[in-house]
>>> print(open('final-v2.txt').read())   # compact mmCIF, C-alpha atoms
# COMPACT_ATOMS: atom_id res chain seq x y z
CA MET A 1 34.73 -3.23 -1.02
CA SER A 2 34.52 -5.59 -3.98
CA GLU A 3 32.52 -4.98 -7.12
CA LYS A 4 28.80 -5.58 -7.13
CA PRO A 5 27.77 -8.93 -8.60
CA PRO A 6 27.22 -8.93 -12.35
CA SER A 7 23.74 -7.91 -13.34
CA LEU A 8 21.47 -10.82 -14.09
CA ALA A 9 18.13 -10.86 -15.75
CA PHE A 10 15.47 -12.12 -13.39
CA GLY A 11 14.19 -15.46 -14.58
CA SER A 12 10.66 -16.73 -14.54
CA GLY A 13 11.53 -19.35 -11.95
CA GLY A 14 10.25 -17.11 -9.16
CA ALA A 15 11.88 -16.75 -5.77
CA GLY A 16 14.67 -19.13 -5.01
CA THR A 17 18.35 -19.46 -5.36
CA ASN A 18 19.96 -17.46 -8.11
CA PRO A 19 16.95 -16.09 -9.96
CA GLY A 20 17.66 -16.14 -13.61
CA GLY A 21 19.75 -19.24 -13.30
CA LYS A 22 22.48 -17.71 -15.44
CA SER A 23 26.14 -17.49 -14.69
CA GLY A 24 27.23 -15.50 -11.67
CA PRO A 25 27.48 -16.25 -8.00
CA PRO A 26 24.59 -18.21 -6.52
CA ARG A 27 22.01 -16.06 -4.82
CA ASP A 28 20.01 -16.84 -1.80
CA VAL A 29 16.67 -15.05 -1.71
CA ARG A 30 14.56 -14.92 1.43
CA ILE A 31 11.17 -13.26 1.67
CA GLU A 32 11.02 -10.89 4.64
CA ALA A 33 7.64 -9.21 4.31
CA ARG A 34 4.49 -9.24 2.23
CA ILE A 35 2.23 -6.20 2.26
CA THR A 36 -1.20 -6.32 0.69
CA ILE A 37 -1.87 -3.13 -1.24
CA LYS A 38 -5.47 -2.08 -1.61
CA ALA A 39 -5.62 1.54 -0.45
CA VAL A 40 -3.35 4.57 -0.23
CA GLU A 41 -2.57 3.92 3.46
CA ASP A 42 -0.99 0.63 2.45
CA ILE A 43 1.55 2.56 0.35
CA VAL A 44 2.81 4.18 3.54
CA GLU A 45 2.97 0.85 5.35
CA ALA A 46 4.88 -0.79 2.50
CA ARG A 47 7.50 1.92 2.27
CA GLN A 48 7.98 2.04 6.04
CA LYS A 49 8.55 -1.73 6.14
CA GLY A 50 10.94 -1.39 3.20
CA ARG A 51 12.91 1.33 4.94
CA ALA A 52 13.08 -0.75 8.12
CA LEU A 53 14.36 -3.78 6.20
CA ALA A 54 16.91 -1.66 4.33
CA GLN A 55 18.25 -0.29 7.60
CA GLU A 56 18.35 -3.76 9.10
CA LEU A 57 20.45 -4.92 6.13
CA GLY A 58 22.87 -2.06 6.72
CA PHE A 59 21.78 0.38 4.01
CA SER A 60 22.61 4.03 4.73
CA MET A 61 19.91 6.58 5.51
CA THR A 62 20.14 7.85 1.92
CA GLN A 63 19.90 4.38 0.37
CA SER A 64 17.03 3.47 2.69
CA THR A 65 15.15 6.55 1.52
CA LEU A 66 15.77 5.47 -2.09
CA VAL A 67 14.31 2.06 -1.27
CA ALA A 68 11.30 3.68 0.41
CA THR A 69 10.76 5.99 -2.56
CA ALA A 70 10.93 3.12 -5.06
CA ILE A 71 8.39 1.16 -3.02
CA SER A 72 6.14 4.20 -2.85
CA GLU A 73 6.13 4.50 -6.65
CA LEU A 74 5.51 0.80 -7.26
CA ALA A 75 2.81 0.51 -4.60
CA ARG A 76 1.02 3.58 -5.96
CA ASN A 77 0.99 2.05 -9.43
CA ILE A 78 -0.83 -0.94 -7.94
CA VAL A 79 -3.49 1.26 -6.30
CA LEU A 80 -3.78 3.41 -9.41
CA TYR A 81 -3.97 0.77 -12.11
CA ALA A 82 -4.78 -2.58 -10.53
CA LYS A 83 -6.64 -1.50 -7.34
CA THR A 84 -5.18 -4.40 -5.37
CA GLY A 85 -1.91 -6.27 -5.32
CA GLU A 86 1.06 -7.03 -3.18
CA ILE A 87 4.53 -5.74 -2.36
CA VAL A 88 6.99 -8.47 -1.42
CA LEU A 89 10.27 -7.50 0.24
CA SER A 90 13.13 -9.96 0.15
CA ARG A 91 16.70 -10.11 1.27
CA VAL A 92 19.14 -11.39 -1.35
CA SER A 93 22.63 -12.54 -0.58
CA THR A 94 25.64 -14.02 -2.30
CA GLU A 95 28.82 -14.97 -0.53
CA GLN A 96 30.00 -11.38 -0.63
CA HIS A 97 26.97 -9.20 -1.10
CA VAL A 98 23.66 -8.37 0.46
CA GLY A 99 20.79 -6.65 -1.25
CA LEU A 100 17.10 -5.98 -1.13
CA ILE A 101 14.52 -7.04 -3.70
CA ILE A 102 11.21 -5.25 -4.10
CA THR A 103 8.57 -7.19 -5.99
CA ALA A 104 5.31 -5.47 -6.87
CA GLN A 105 2.69 -7.81 -8.26
CA ASP A 106 -0.93 -7.49 -9.18
CA LYS A 107 -3.66 -9.17 -11.17
CA GLY A 108 -4.72 -5.91 -12.76
CA PRO A 109 -5.27 -5.03 -16.40
CA GLY A 110 -1.59 -5.34 -17.27
CA ILE A 111 0.44 -2.98 -19.42
CA ALA A 112 -0.31 -2.93 -23.12
CA ASN A 113 2.93 -1.21 -24.07
CA ILE A 114 5.80 -1.73 -21.64
CA GLN A 115 8.12 0.44 -23.75
CA HIS A 116 5.74 3.37 -23.27
CA ALA A 117 5.32 2.70 -19.55
CA LEU A 118 9.10 2.88 -19.12
CA MET A 119 9.40 6.09 -21.09
CA SER A 120 10.12 9.17 -19.02
CA GLY A 121 7.21 11.60 -19.11
CA TYR A 122 4.67 9.11 -20.41
CA SER A 123 1.61 8.57 -18.24
CA SER A 124 -1.78 7.04 -18.93
CA SER A 125 -3.15 8.38 -15.64
CA GLY A 126 -2.33 12.08 -15.81
CA GLY A 127 0.72 11.71 -13.57
CA LEU A 128 4.22 12.98 -14.20
CA GLY A 129 5.18 9.73 -15.92
CA LEU A 130 8.32 9.49 -13.83
CA GLY A 131 7.37 6.60 -11.55
CA LEU A 132 8.48 3.47 -13.39
CA PRO A 133 11.31 5.04 -15.42
CA GLY A 134 12.54 6.73 -12.24
CA VAL A 135 12.58 3.48 -10.30
CA ARG A 136 14.29 1.69 -13.18
CA GLN A 137 17.15 4.16 -13.32
CA MET A 138 17.77 4.25 -9.59
CA VAL A 139 18.01 0.51 -8.86
CA ASP A 140 20.77 -1.96 -9.75
CA GLU A 141 18.52 -4.48 -11.47
CA PHE A 142 15.04 -4.05 -12.84
CA ASP A 143 12.60 -6.39 -14.50
CA ILE A 144 9.01 -6.03 -15.58
CA LYS A 145 6.62 -8.68 -16.76
CA SER A 146 3.17 -7.82 -17.92
CA ARG A 147 0.54 -8.93 -20.37
CA PRO A 148 -2.76 -7.20 -20.98
CA GLY A 149 -5.41 -8.89 -18.86
CA ASP A 150 -2.85 -10.88 -16.95
CA GLY A 151 -1.44 -8.54 -14.30
CA THR A 152 1.97 -7.04 -13.81
CA GLN A 153 5.06 -8.02 -11.89
CA VAL A 154 7.84 -5.52 -11.34
CA THR A 155 11.07 -6.62 -9.66
CA ALA A 156 13.72 -4.17 -8.50
CA LEU A 157 16.97 -5.06 -6.75
CA MET A 158 19.36 -2.80 -4.87
CA TRP A 159 22.70 -4.05 -3.60
CA LEU A 160 24.06 -2.64 -0.36
CA MET B 161 -4.30 13.18 9.54
CA GLU B 162 -5.20 16.84 9.91
CA ILE B 163 -2.26 19.20 9.36
CA PRO B 164 -2.70 22.41 11.38
CA ILE B 165 -2.40 25.65 9.43
CA LEU B 166 -1.09 28.61 11.41
CA LYS B 167 -1.57 32.22 10.50
CA GLN B 168 1.45 34.40 11.16
CA ARG B 169 1.37 38.02 10.03
CA ASP B 170 0.37 37.95 6.36
CA TYR B 171 1.43 34.35 5.90
CA LEU B 172 0.06 30.88 6.37
CA ILE B 173 2.33 28.20 7.76
CA ALA B 174 1.63 24.49 7.47
CA SER B 175 4.04 22.14 9.10
CA VAL B 176 4.10 18.46 8.19
CA GLN B 177 5.57 16.65 11.18
CA SER B 178 4.59 13.09 10.36
CA VAL B 179 4.21 10.75 7.43
CA LEU B 180 1.44 11.71 5.01
CA THR B 181 -0.78 9.54 2.86
CA ASP B 182 -1.73 10.74 -0.64
CA GLU B 183 -5.11 11.80 0.70
CA ASP B 184 -3.58 13.82 3.53
CA LEU B 185 -1.48 15.74 1.03
CA ILE B 186 -4.44 16.42 -1.27
CA ASN B 187 -6.51 17.63 1.70
CA LEU B 188 -3.71 19.92 2.82
CA ARG B 189 -3.42 21.35 -0.71
CA ASP B 190 -7.15 22.09 -0.86
CA LYS B 191 -7.23 23.62 2.61
CA LEU B 192 -4.30 25.94 1.89
CA VAL B 193 -5.78 27.06 -1.42
CA GLN B 194 -9.03 27.95 0.39
CA GLN B 195 -7.49 29.63 3.40
CA VAL B 196 -5.07 31.78 1.44
CA GLY B 197 -8.11 33.67 0.17
CA ARG B 198 -10.04 33.65 3.40
CA TYR B 199 -7.16 35.23 5.33
CA ARG B 200 -5.98 37.36 2.42
CA SER B 201 -2.48 35.94 2.86
CA ASP B 202 0.48 37.02 0.75
CA GLY B 203 2.44 33.87 1.23
CA VAL B 204 2.34 30.23 2.25
CA ILE B 205 5.15 28.29 3.88
CA LEU B 206 4.91 24.54 3.67
CA ASP B 207 7.33 22.80 5.98
CA VAL B 208 7.85 19.23 4.74
CA THR B 209 10.42 18.19 7.34
CA GLY B 210 8.23 15.26 8.37
CA MET B 211 7.78 13.80 4.89
CA ASP B 212 9.68 10.50 4.79
CA VAL B 213 9.48 10.26 1.03
CA ILE B 214 8.79 12.74 -1.75
CA ASP B 215 7.87 10.68 -4.79
CA SER B 216 6.35 11.55 -8.15
CA PHE B 217 2.87 11.91 -6.68
CA SER B 218 4.09 14.23 -3.91
CA VAL B 219 6.05 16.34 -6.39
CA ARG B 220 3.05 16.72 -8.67
CA THR B 221 0.81 17.66 -5.73
CA LEU B 222 3.33 20.18 -4.35
CA ARG B 223 3.75 21.75 -7.78
CA ASP B 224 -0.03 21.93 -8.24
CA LEU B 225 -0.40 23.47 -4.79
CA ALA B 226 2.16 26.18 -5.54
CA HIS B 227 0.51 26.97 -8.86
CA MET B 228 -2.98 27.11 -7.40
CA ILE B 229 -1.77 29.44 -4.66
CA ARG B 230 -0.08 31.63 -7.24
CA LEU B 231 -3.37 31.85 -9.11
CA ARG B 232 -4.88 33.03 -5.84
CA GLY B 233 -2.29 35.82 -5.74
CA ALA B 234 0.15 34.47 -3.17
CA THR B 235 3.58 32.86 -3.10
CA THR B 236 4.42 29.39 -1.78
CA VAL B 237 7.77 28.39 -0.33
CA ILE B 238 8.57 24.75 0.44
CA VAL B 239 10.95 24.38 3.37
CA GLY B 240 12.61 21.51 5.22
CA ILE B 241 13.30 18.99 2.44
CA GLN B 242 15.64 16.51 4.10
CA PRO B 243 19.01 15.80 2.43
CA GLU B 244 18.28 12.12 1.73
CA VAL B 245 14.85 13.03 0.36
CA ALA B 246 16.48 15.58 -1.97
CA PHE B 247 18.93 12.89 -3.10
CA SER B 248 16.13 10.42 -3.89
CA MET B 249 14.16 13.07 -5.78
CA ILE B 250 17.13 13.73 -8.05
CA GLN B 251 17.76 10.02 -8.55
CA LEU B 252 14.16 9.64 -9.71
CA GLY B 253 14.40 12.66 -11.99
CA LEU B 254 11.85 14.62 -9.92
CA ARG B 255 12.06 18.41 -9.99
CA LEU B 256 10.02 21.05 -8.18
CA LYS B 257 10.82 23.33 -11.12
CA ASP B 258 9.87 26.93 -10.36
CA VAL B 259 8.57 26.34 -6.85
CA PRO B 260 10.79 28.28 -4.41
CA THR B 261 12.43 26.37 -1.57
CA ALA B 262 14.30 27.36 1.57
CA PRO B 263 16.20 25.31 4.13
CA ASP B 264 13.95 26.11 7.08
CA LEU B 265 11.02 28.14 8.35
CA GLU B 266 13.11 31.19 9.18
CA GLU B 267 14.62 31.35 5.71
CA GLY B 268 11.19 30.74 4.24
CA LEU B 269 9.81 33.77 6.09
CA ALA B 270 12.81 35.85 5.01
CA TYR B 271 12.19 34.85 1.40
CA LEU B 272 8.54 35.92 1.56
CA ASP B 273 9.51 39.19 3.24
CA ARG B 274 12.03 39.94 0.52
CA LYS B 275 9.43 39.04 -2.09
CA LYS B 276 7.07 41.55 -0.50
CA GLY B 277 9.90 44.07 -0.52
CA LYS B 278 9.73 44.88 3.13
CA ARG B 279 12.22 44.69 5.92
CA THR B 280 12.27 41.52 8.02
CA LEU B 281 10.60 42.32 11.30
CA PRO B 282 12.47 41.57 14.49
CA PRO B 283 11.31 38.34 16.19
CA HIS B 284 9.76 40.15 19.17
CA GLU B 285 7.72 42.56 17.15
>>> encode(input="final-v2.txt", output="structure tokens")
Amino acid sequence: MSEKPPSLAFGSGGAGTNPGGKSGPPRDVRIEARITIKAVEDIVEARQKGRALAQELGFSMTQSTLVATAISELARNIVLYAKTGEIVLSRVSTEQHVGLIITAQDKGPGIANIQHALMSGYSSSGGLGLGLPGVRQMVDEFDIKSRPGDGTQVTALMWL
Amino acid sequence: MEIPILKQRDYLIASVQSVLTDEDLINLRDKLVQQVGRYRSDGVILDVTGMDVIDSFSVRTLRDLAHMIRLRGATTVIVGIQPEVAFSMIQLGLRLKDVPTAPDLEEGLAYLDRKKGKRTLPPHE
């Protein structure tokens, strides 16, 4: 098993080949599912689809559960803070590697202080404050874009 | 989804056999907190074998549940956390802290019996 591809920052170019456009092997990104999130039941649907995709890509039971848990956290943030949004599940591949990208996007109020939102134990909703920081530490690549009043987009990638 | 709550001896047993939404889990918490008083139960066993994911919301709700039940004078044991679910919880930094756990229903009952300081009754009692 060769090393995982070097970590790349996600660029603003959106889905496409080699997000980020920096050095590293070219990446092919294909959207596999889009789940509209507007109620708590949609959280369950999103994480079940994510688990199914992970298993299809060859992720182990443990890794698939990690994927499902990450989706659950991100989808709940949408319901909690933005009311509605979308989870997009994509397959990413290079010549040697396959991975799964979770994108959580909404047009909600945005995050005023991203540093705070990523801090373990910080919550503006009375939660444990472990959602975003937890997801960030368990995935291979993580990116968050948000501006107050302009929604939030969180991207998380896990290689097989 | 309505989770059935069984009464066995002095204990309440709730068994989650399918995937739960946030609302289902909150409803289960509230129902257990009510019934523990109504049936004067000493202990509650919550079997989470069917939970596909235990995320930060689930952990907070399970911890709240155990604390509320303690305030009502009873002990809660969480049983049946699947190995991959346990792995994900640790990866996310989620801890149940002082909430007791046991591998399965039988061990959960044994724990509550020990806690009560009485001998485990034979199964055909």
>>> interface_residues(input="final-v2.txt", of="chain A", to="chain B", cutoff="6 Å", atoms="only C-alpha atoms", output="list in words")
Glu41, Thr62, Leu66, Thr69, Gly134 and Met138 of chain A
>>> residues_near_point(input="final-v2.txt", point="(4.5, 3.2, -21.6)", cutoff="12 Å", atoms="only C-alpha atoms", output="MDAnalysis selection string")
chainID A and resid 110:125 129:133 144 146
>>> closest_residue(input="final-v2.txt", among="A:Val135, A:Glu73, A:Gly58, A:Glu32", to="A:His97", atoms="all atoms listed in the file")
A:Gly58
>>> atom_distance(input="final-v2.txt", atom1="atom CA of B:Gly233", atom2="atom CA of B:Asp170")
12.6 Å
>>> atom_distance(input="final-v2.txt", atom1="atom CA of A:Arg27", atom2="atom CA of A:Ala75")
25.4 Å
>>> atom_distance(input="final-v2.txt", atom1="atom CA of A:Gly151", atom2="atom CA of A:Ile87")
13.6 Å
>>> closest_residue(input="final-v2.txt", among="B:Pro263, B:Gly268, B:Gly197, B:Gly277", to="B:Ala174", atoms="all atoms listed in the file")
B:Gly268
>>> closest_residue(input="final-v2.txt", among="A:Gln55, A:Ser64, A:Ser90, A:Thr84", to="A:Val29", atoms="only C-alpha atoms")
A:Ser90
>>> residues_around(input="final-v2.txt", residues="stretch 154-158 of chain A", least_positions_apart="4", cutoff="9 Å", atoms="only C-alpha atoms", output="MDAnalysis selection string")
chainID A and resid 10 63 67 70 74 92 98:105 135:136 138:146
>>> residues_around(input="final-v2.txt", residues="stretch 45-47 of chain A", least_positions_apart="5", cutoff="7 Å", atoms="only C-alpha atoms", output="list in words")
Ile35, Ala68, Ile71, Ser72 and Ile87 of chain A
>>> write_last_selection(input="final-v2.txt", atoms="C-alpha atoms", output="CSV table (one decimal), in the coordinates of the input")
chain,number,residue,atom,x,y,z
A,35,ILE,CA,2.2,-6.2,2.3
A,68,ALA,CA,11.3,3.7,0.4
A,71,ILE,CA,8.4,1.2,-3.0
A,72,SER,CA,6.1,4.2,-2.8
A,87,ILE,CA,4.5,-5.7,-2.4
>>> decode(input="final-v2.txt", residues="stretch 71-91 of chain A", atoms="N, CA and C atoms", output="compact mmCIF listing (two decimals), in the first residue's frame")
# COMPACT_ATOMS: atom_id res chain seq x y z
N ILE A 71 -20.65 12.77 8.70
CA ILE A 71 -21.81 13.32 7.98
C ILE A 71 -22.88 13.74 8.97
N SER A 72 -23.08 12.90 9.99
CA SER A 72 -24.10 13.20 11.00
C SER A 72 -23.82 14.55 11.67
N GLU A 73 -22.55 14.77 12.03
CA GLU A 73 -22.18 16.04 12.68
C GLU A 73 -22.41 17.23 11.74
N LEU A 74 -21.96 17.09 10.50
CA LEU A 74 -22.04 18.21 9.56
C LEU A 74 -23.50 18.51 9.19
N ALA A 75 -24.28 17.44 9.01
CA ALA A 75 -25.69 17.63 8.64
C ALA A 75 -26.46 18.26 9.80
N ARG A 76 -26.11 17.86 11.04
CA ARG A 76 -26.79 18.44 12.18
C ARG A 76 -26.47 19.92 12.30
N ASN A 77 -25.24 20.30 12.03
CA ASN A 77 -24.89 21.72 12.06
C ASN A 77 -25.76 22.52 11.10
N ILE A 78 -26.06 21.93 9.94
CA ILE A 78 -26.93 22.61 8.97
C ILE A 78 -28.31 22.84 9.60
N VAL A 79 -28.91 21.77 10.14
CA VAL A 79 -30.25 21.88 10.72
C VAL A 79 -30.25 22.89 11.87
N LEU A 80 -29.18 22.82 12.66
CA LEU A 80 -29.09 23.63 13.87
C LEU A 80 -28.90 25.11 13.57
N TYR A 81 -28.01 25.41 12.66
CA TYR A 81 -27.61 26.81 12.46
C TYR A 81 -28.20 27.46 11.21
N ALA A 82 -28.39 26.65 10.15
CA ALA A 82 -28.81 27.26 8.89
C ALA A 82 -30.24 26.86 8.50
N LYS A 83 -30.80 25.88 9.21
CA LYS A 83 -32.14 25.33 8.94
C LYS A 83 -32.14 24.45 7.68
N THR A 84 -31.67 24.98 6.56
CA THR A 84 -31.64 24.14 5.36
C THR A 84 -30.28 24.23 4.69
N GLY A 85 -29.98 23.19 3.94
CA GLY A 85 -28.71 23.14 3.22
C GLY A 85 -28.62 21.82 2.50
N GLU A 86 -27.39 21.43 2.22
CA GLU A 86 -27.21 20.26 1.37
C GLU A 86 -25.92 19.52 1.75
N ILE A 87 -26.00 18.19 1.70
CA ILE A 87 -24.80 17.37 1.84
C ILE A 87 -24.52 16.76 0.46
N VAL A 88 -23.32 16.97 -0.03
CA VAL A 88 -22.93 16.41 -1.32
C VAL A 88 -21.84 15.37 -1.07
N LEU A 89 -22.06 14.17 -1.60
CA LEU A 89 -21.09 13.09 -1.43
C LEU A 89 -20.42 12.82 -2.77
N SER A 90 -19.10 12.84 -2.76
CA SER A 90 -18.37 12.62 -4.01
C SER A 90 -17.31 11.55 -3.84
N ARG A 91 -16.99 10.95 -4.95
CA ARG A 91 -15.89 9.99 -4.99
C ARG A 91 -14.71 10.75 -5.58
